[in-house]
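Enquirer: Please find one structure pasted underneath; my questions will follow.
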Amino acid sequence: MPLFRINKNALEHVDQTNFGTEKQLQGLIERSLGPVFRCRFVATEFPTGVMHGGRIDTLALSEDNNPVIIEYKKIASSELVNQALYYLAWIHDHKGDFQLAAGKALGTTTEVDWSDVRVICLAPSYKKFDLHAVQMMGPSIELWTYRLFGNGTLYLEEIRQKDLAPVAETPGASGKNPVMVAAAKKAALAKKTSSWTFEQHLEGRPATIREIATAVQDYVGGLAAEIEERPKKQYVAYRTTQNIVCMEVQMKKVCLFLKLSPTDVNTQEGFIRDVSQVGHFGTGDIEVTVRSLEDLEKAKPLIQKAYEKLGA
């Protein structure tokens, strides 16, 4: 998409450029992991050992305390996704190595949630082989494109799974790297066996609470097609590029943690609370307590506000 600068009530085209080296892109992202990907930096050029002989460009920890792998290319390259698959399989086999690195960078009490591993690939474009590989893997790998412009503007956009055209698999197709096929299967299995589901959060809850939680799911999911549901061990996150709302389903209430600033919301005892200085599961500084469908109706404008602030 072209970029234009407004100058004296007219539009001027801004030329597109690129980074001189991948290191420049990598360094910029690593210094901005918080605002860009809602992550905390763990390590750069992390070695995977003599046997594997690789180096992970960037290791980080997500706002949900999930491990994050980031790989970069300044040109279109199918090697990028292959590397990501390889490192995704590696990290599931070397959880202790990541835990030690996270503890060194973020503190020895840092918790790591292995129910999901986020893998981010960042390149100006992708080849059809990349798109096919990601389709086969599912949501484990995120493909992001970037555009650098001459006025110092960097544009980032995720290629969503729903935007990818279906790719028919050819039986008996040849030419596949057996090492990468094995890595993909291993990574997919690890993800499958460690995932949580929305239904698990409803188990054992009263019918009224299940009804409220389902209504929250329907409302948040209906705000926009790009909103994804990511069930975690303690809560269910709804996100675009970062969490918008996290839902904790309890026995007598449903707690919603919204990514809103306490200065933008009027607190209300028993309903809206500032938890920016209070320990809690999920992400977000505003807690909304929902005990009925009527409470949810009152909460909807706040959910909409959180989406418009972060997800729109």
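Identifiers in this document derive from the order of the structure tokens: chains are assigned A, B, ..., residues are numbered from 1 separately in each chain, and ligands are numbered from 1 in order of occurrence.
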Quick one: everything within 8 Å of A:His201, counting only C-alpha atoms, minus sequence neighbours fewer than 5 positions away in the same chain. Send it as a count of residues only.

Expert: 3

Enquirer: Find the residues of stretch 2-93 of chain A that sit at most 12 Å from stretch 283-286 of chain A; for each, write down the nearest two atoms and how far apart they are in Å, to one decimal. Count only C-alpha atoms. Sort by chain, then by number going up, and give it as JSON lines.

Expert:
```
{"residue": "A:Arg38", "atom": "CA", "partner": "A:Thr283", "partner_atom": "CA", "distance": 10.5}
{"residue": "A:Ser62", "atom": "CA", "partner": "A:Thr283", "partner_atom": "CA", "distance": 10.6}
{"residue": "A:Glu63", "atom": "CA", "partner": "A:Thr283", "partner_atom": "CA", "distance": 7.0}
{"residue": "A:Asp64", "atom": "CA", "partner": "A:Thr283", "partner_atom": "CA", "distance": 7.3}
{"residue": "A:Asn65", "atom": "CA", "partner": "A:Thr283", "partner_atom": "CA", "distance": 10.3}
```

Enquirer: Find the residues near stretch 66-83 of chain A: any atom within 7 Å, counting only C-alpha atoms, skip ones fewer than 5 places away on the same chain, and give them as JSON, numbers by chain.

Expert: {"A": [22, 26, 57, 58, 59, 60, 61, 112, 113, 114, 116, 117, 118, 119, 120, 121, 122, 123, 124, 125, 126, 127, 129, 130, 180]}

Enquirer: Restrict the selected residues to C-alpha atoms and save them as a tab-separated table (two decimals), in the first residue's frame.

Expert:
```
chain	number	residue	atom	x	y	z
A	22	GLU	CA	18.83	-7.55	8.81
A	26	GLN	CA	16.43	-6.88	14.38
A	57	ASP	CA	17.51	-14.24	16.22
A	58	THR	CA	15.41	-13.05	19.17
A	59	LEU	CA	14.00	-14.76	22.25
A	60	ALA	CA	11.32	-13.00	24.27
A	61	LEU	CA	8.50	-13.59	26.74
A	112	VAL	CA	7.03	-19.33	31.86
A	113	ASP	CA	3.74	-20.70	30.50
A	114	TRP	CA	4.44	-23.54	28.06
A	116	ASP	CA	1.75	-21.98	23.85
A	117	VAL	CA	4.88	-20.82	22.05
A	118	ARG	CA	4.62	-17.75	19.86
A	119	VAL	CA	6.75	-17.73	16.71
A	120	ILE	CA	6.98	-14.50	14.71
A	121	CYS	CA	8.48	-14.26	11.22
A	122	LEU	CA	9.15	-10.74	9.95
A	123	ALA	CA	9.98	-10.06	6.29
A	124	PRO	CA	8.94	-7.64	3.52
A	125	SER	CA	7.07	-10.46	1.72
A	126	TYR	CA	6.70	-14.23	1.58
A	127	LYS	CA	6.81	-16.89	-1.11
A	129	PHE	CA	5.95	-22.07	0.03
A	130	ASP	CA	5.91	-20.03	3.24
A	180	MET	CA	11.78	-29.94	8.41
```

Enquirer: Compare A:Gly96, A:Pro231, A:Gly54, A:Gly27 by their minimum atom-to-atom distance to A:Asn243, counting only C-alpha atoms, and give me the closest one.

Expert: A:Pro231

Enquirer: Excluding stretch 299-311 of chain A and any residue of its chain fewer than 5 positions from it, enumerate the residues within 7 Å of it, using only C-alpha atoms, and give them as JSON, numbers by chain.

Expert: {"A": [240, 244, 258, 259, 260]}

Enquirer: Can you pull out the residues contacting stretch 204-214 of chain A? Cut-off 12 Å, using only C-alpha atoms, and skip same-chain residues under 3 positions away; I want them as number ranges by chain.

Expert: A: 198-201, 217-221, 235-236, 246-256, 289-297, 299

Enquirer: Would you mind exporting C-alpha atoms of the selected residues as a PDB file, in the first residue's frame?

Expert:
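File selection.pdb, as written:
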```pdb
ATOM      1  CA  PHE A 198     -12.589 -22.541  26.150  1.00  0.00           C
ATOM      2  CA  GLU A 199     -14.729 -25.497  27.251  1.00  0.00           C
ATOM      3  CA  GLN A 200     -12.221 -26.389  29.977  1.00  0.00           C
ATOM      4  CA  HIS A 201     -12.836 -23.014  31.595  1.00  0.00           C
ATOM      5  CA  GLN A 217     -17.184 -15.019  23.931  1.00  0.00           C
ATOM      6  CA  ASP A 218     -19.941 -14.198  21.416  1.00  0.00           C
ATOM      7  CA  TYR A 219     -19.727 -10.451  21.982  1.00  0.00           C
ATOM      8  CA  VAL A 220     -15.944 -10.062  21.910  1.00  0.00           C
ATOM      9  CA  GLY A 221     -15.552 -12.422  18.961  1.00  0.00           C
ATOM     10  CA  TYR A 235      -7.937 -17.301  31.674  1.00  0.00           C
ATOM     11  CA  VAL A 236      -9.137 -16.874  28.103  1.00  0.00           C
ATOM     12  CA  CYS A 246      -8.769 -11.530  29.379  1.00  0.00           C
ATOM     13  CA  MET A 247     -11.672 -13.477  30.884  1.00  0.00           C
ATOM     14  CA  GLU A 248     -11.340 -15.416  34.126  1.00  0.00           C
ATOM     15  CA  VAL A 249     -14.319 -17.719  34.725  1.00  0.00           C
ATOM     16  CA  GLN A 250     -14.903 -18.257  38.439  1.00  0.00           C
ATOM     17  CA  MET A 251     -17.662 -20.071  40.334  1.00  0.00           C
ATOM     18  CA  LYS A 252     -19.767 -17.025  41.168  1.00  0.00           C
ATOM     19  CA  LYS A 253     -18.598 -14.412  38.693  1.00  0.00           C
ATOM     20  CA  VAL A 254     -16.728 -13.726  35.488  1.00  0.00           C
ATOM     21  CA  CYS A 255     -13.819 -11.288  35.755  1.00  0.00           C
ATOM     22  CA  LEU A 256     -12.787  -9.317  32.684  1.00  0.00           C
ATOM     23  CA  THR A 289     -16.747  -8.055  37.582  1.00  0.00           C
ATOM     24  CA  VAL A 290     -19.702  -9.595  35.756  1.00  0.00           C
ATOM     25  CA  ARG A 291     -22.267 -11.495  37.814  1.00  0.00           C
ATOM     26  CA  SER A 292     -25.195 -11.331  35.407  1.00  0.00           C
ATOM     27  CA  LEU A 293     -26.058 -10.707  31.775  1.00  0.00           C
ATOM     28  CA  GLU A 294     -27.189  -7.229  32.858  1.00  0.00           C
ATOM     29  CA  ASP A 295     -23.674  -6.558  34.156  1.00  0.00           C
ATOM     30  CA  LEU A 296     -22.304  -7.694  30.803  1.00  0.00           C
ATOM     31  CA  GLU A 297     -24.480  -5.176  28.992  1.00  0.00           C
ATOM     32  CA  ALA A 299     -19.497  -3.790  30.491  1.00  0.00           C
TER      33      ALA A 299
END
```

Enquirer: I'd like the contact shell of A:Arg31 - 12 Å cut-off, only C-alpha atoms, skipping same-chain residues fewer than 2 positions apart - returned as a PyMOL selection string.

Expert: chain A and resi 24-29+33-44+58+60

Enquirer: For the selection just defined, write its residues with N, CA and C atoms to a file, as an mmCIF file, in the first residue's frame.

Expert:
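Listed below is the output, part-v4.cif:
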```cif
data_model
loop_
_atom_site.group_PDB
_atom_site.id
_atom_site.type_symbol
_atom_site.label_atom_id
_atom_site.label_comp_id
_atom_site.auth_asym_id
_atom_site.auth_seq_id
_atom_site.Cartn_x
_atom_site.Cartn_y
_atom_site.Cartn_z
ATOM 1 N N GLN A 24 19.896 -4.330 11.436
ATOM 2 C CA GLN A 24 19.264 -3.055 11.741
ATOM 3 C C GLN A 24 17.791 -3.258 12.079
ATOM 4 N N LEU A 25 17.129 -4.109 11.288
ATOM 5 C CA LEU A 25 15.730 -4.433 11.569
ATOM 6 C C LEU A 25 15.608 -5.139 12.912
ATOM 7 N N GLN A 26 16.466 -6.107 13.144
ATOM 8 C CA GLN A 26 16.425 -6.882 14.382
ATOM 9 C C GLN A 26 16.644 -5.985 15.602
ATOM 10 N N GLY A 27 17.640 -5.127 15.536
ATOM 11 C CA GLY A 27 17.921 -4.249 16.666
ATOM 12 C C GLY A 27 16.772 -3.308 16.967
ATOM 13 N N LEU A 28 16.149 -2.786 15.909
ATOM 14 C CA LEU A 28 15.020 -1.873 16.093
ATOM 15 C C LEU A 28 13.861 -2.574 16.787
ATOM 16 N N ILE A 29 13.549 -3.795 16.338
ATOM 17 C CA ILE A 29 12.440 -4.537 16.937
ATOM 18 C C ILE A 29 12.763 -4.924 18.374
ATOM 19 N N LEU A 33 10.186 -4.158 21.635
ATOM 20 C CA LEU A 33 9.341 -5.345 21.779
ATOM 21 C C LEU A 33 8.059 -5.060 22.545
ATOM 22 N N GLY A 34 8.119 -4.174 23.537
ATOM 23 C CA GLY A 34 6.933 -3.860 24.328
ATOM 24 C C GLY A 34 5.808 -3.273 23.505
ATOM 25 N N PRO A 35 6.015 -2.111 22.884
ATOM 26 C CA PRO A 35 4.931 -1.497 22.116
ATOM 27 C C PRO A 35 4.561 -2.247 20.842
ATOM 28 N N VAL A 36 5.495 -2.992 20.246
ATOM 29 C CA VAL A 36 5.204 -3.655 18.968
ATOM 30 C C VAL A 36 4.516 -4.994 19.164
ATOM 31 N N PHE A 37 5.114 -5.873 19.959
ATOM 32 C CA PHE A 37 4.584 -7.228 20.117
ATOM 33 C C PHE A 37 4.179 -7.561 21.546
ATOM 34 N N ARG A 38 4.186 -6.582 22.448
ATOM 35 C CA ARG A 38 3.812 -6.790 23.841
ATOM 36 C C ARG A 38 4.634 -7.912 24.459
ATOM 37 N N CYS A 39 5.942 -7.855 24.250
ATOM 38 C CA CYS A 39 6.860 -8.870 24.760
ATOM 39 C C CYS A 39 7.986 -8.220 25.556
ATOM 40 N N ARG A 40 8.664 -9.051 26.352
ATOM 41 C CA ARG A 40 9.851 -8.626 27.091
ATOM 42 C C ARG A 40 11.071 -9.337 26.512
ATOM 43 N N PHE A 41 12.125 -8.589 26.325
ATOM 44 C CA PHE A 41 13.334 -9.124 25.706
ATOM 45 C C PHE A 41 14.012 -10.139 26.622
ATOM 46 N N VAL A 42 14.429 -11.275 26.044
ATOM 47 C CA VAL A 42 15.153 -12.305 26.781
ATOM 48 C C VAL A 42 16.580 -12.437 26.271
ATOM 49 N N ALA A 43 16.751 -12.631 24.953
ATOM 50 C CA ALA A 43 18.104 -12.840 24.429
ATOM 51 C C ALA A 43 18.142 -12.567 22.938
ATOM 52 N N THR A 44 19.329 -12.257 22.435
ATOM 53 C CA THR A 44 19.536 -12.069 21.006
ATOM 54 C C THR A 44 20.603 -13.049 20.526
ATOM 55 N N THR A 58 15.876 -13.727 17.956
ATOM 56 C CA THR A 58 15.408 -13.052 19.168
ATOM 57 C C THR A 58 14.567 -14.002 20.003
ATOM 58 N N ALA A 60 12.055 -13.937 23.431
ATOM 59 C CA ALA A 60 11.322 -12.996 24.272
ATOM 60 C C ALA A 60 10.268 -13.753 25.070
#
```

Enquirer: Let's see if you can do this: from backbone DSSP, list all strand (DSSP E) residues in stretch 90-128 of chain A, as an MDAnalysis selection string.

Expert: chainID A and resid 118:123

Enquirer: Using C-alpha atoms, can you write the selected residues to a file as a short mmCIF file (atom, residue, chain, number, x, y, z; two decimals), in the first residue's frame?

Expert:
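Wrote it out as part23.cif, contents follow:
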```
data_model
loop_
_atom_site.label_atom_id
_atom_site.label_comp_id
_atom_site.auth_asym_id
_atom_site.auth_seq_id
_atom_site.Cartn_x
_atom_site.Cartn_y
_atom_site.Cartn_z
CA ARG A 118 4.62 -17.75 19.86
CA VAL A 119 6.75 -17.73 16.71
CA ILE A 120 6.98 -14.50 14.71
CA CYS A 121 8.48 -14.26 11.22
CA LEU A 122 9.15 -10.74 9.95
CA ALA A 123 9.98 -10.06 6.29
#
```

Enquirer: To one decimal place, how far is atom CA of A:Val14 from atom CA of A:Ile159 in Å?

Expert: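 Calculated distance between atom CA of A:Val14 and atom CA of A:Ile159 is 23.2 Å.
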
Enquirer: May I have the residues within 12 Å of A:Asp97 as a compact mmCIF listing (two decimals) with N, CA and C atoms, in the first residue's frame, using only C-alpha atoms and disregarding those fewer than 2 positions away in the same chain?

Expert:
```txt
# COMPACT_ATOMS: atom_id res chain seq x y z
N VAL A 42 14.43 -11.28 26.04
CA VAL A 42 15.15 -12.31 26.78
C VAL A 42 16.58 -12.44 26.27
N ALA A 43 16.75 -12.63 24.95
CA ALA A 43 18.10 -12.84 24.43
C ALA A 43 18.14 -12.57 22.94
N PHE A 46 20.57 -16.27 20.14
CA PHE A 46 20.66 -17.32 21.15
C PHE A 46 21.13 -18.63 20.52
N PRO A 47 22.27 -19.18 20.95
CA PRO A 47 22.80 -20.41 20.33
C PRO A 47 21.99 -21.64 20.73
N THR A 48 21.77 -22.54 19.77
CA THR A 48 21.00 -23.76 20.03
C THR A 48 21.90 -24.97 20.24
N GLY A 49 23.19 -24.75 20.41
CA GLY A 49 24.09 -25.85 20.72
C GLY A 49 24.84 -26.36 19.51
N LEU A 59 14.85 -14.06 21.29
CA LEU A 59 14.00 -14.76 22.25
C LEU A 59 13.34 -13.72 23.15
N PRO A 67 6.81 -18.35 25.77
CA PRO A 67 8.05 -18.12 25.03
C PRO A 67 7.75 -17.56 23.64
N TRP A 90 12.86 -27.17 18.50
CA TRP A 90 14.01 -27.16 19.41
C TRP A 90 13.62 -26.65 20.79
N ILE A 91 12.84 -25.59 20.85
CA ILE A 91 12.56 -24.97 22.15
C ILE A 91 11.71 -25.88 23.03
N HIS A 92 10.85 -26.71 22.41
CA HIS A 92 10.06 -27.65 23.20
C HIS A 92 10.94 -28.75 23.80
N ASP A 93 12.09 -29.00 23.18
CA ASP A 93 13.02 -29.99 23.69
C ASP A 93 14.03 -29.39 24.67
N HIS A 94 14.05 -28.05 24.75
CA HIS A 94 15.06 -27.38 25.58
C HIS A 94 14.41 -26.30 26.44
N LYS A 95 13.34 -26.70 27.14
CA LYS A 95 12.62 -25.75 27.99
C LYS A 95 13.52 -25.19 29.09
N GLN A 99 14.20 -21.31 30.13
CA GLN A 99 13.90 -20.87 31.49
C GLN A 99 15.11 -20.17 32.12
N LEU A 100 16.30 -20.74 31.90
CA LEU A 100 17.51 -20.12 32.44
C LEU A 100 17.76 -18.75 31.81
N ALA A 101 17.54 -18.66 30.48
CA ALA A 101 17.75 -17.39 29.79
C ALA A 101 16.75 -16.34 30.26
N ALA A 102 15.50 -16.76 30.44
CA ALA A 102 14.47 -15.82 30.91
C ALA A 102 14.77 -15.37 32.33
N GLY A 103 15.22 -16.30 33.17
CA GLY A 103 15.55 -15.94 34.54
C GLY A 103 16.71 -14.96 34.61
N LYS A 104 17.69 -15.16 33.74
CA LYS A 104 18.86 -14.26 33.71
C LYS A 104 18.46 -12.86 33.24
N VAL A 112 7.18 -19.05 33.28
CA VAL A 112 7.03 -19.33 31.86
C VAL A 112 5.85 -20.27 31.67
```

Enquirer: Give me every alpha helix (DSSP H) residue in stretch 50-292 of chain A, going by DSSP on the backbone, as a ChimeraX atom specification.

Expert: /A:79-93,95-106,128-137,178-194,198-202,207-221
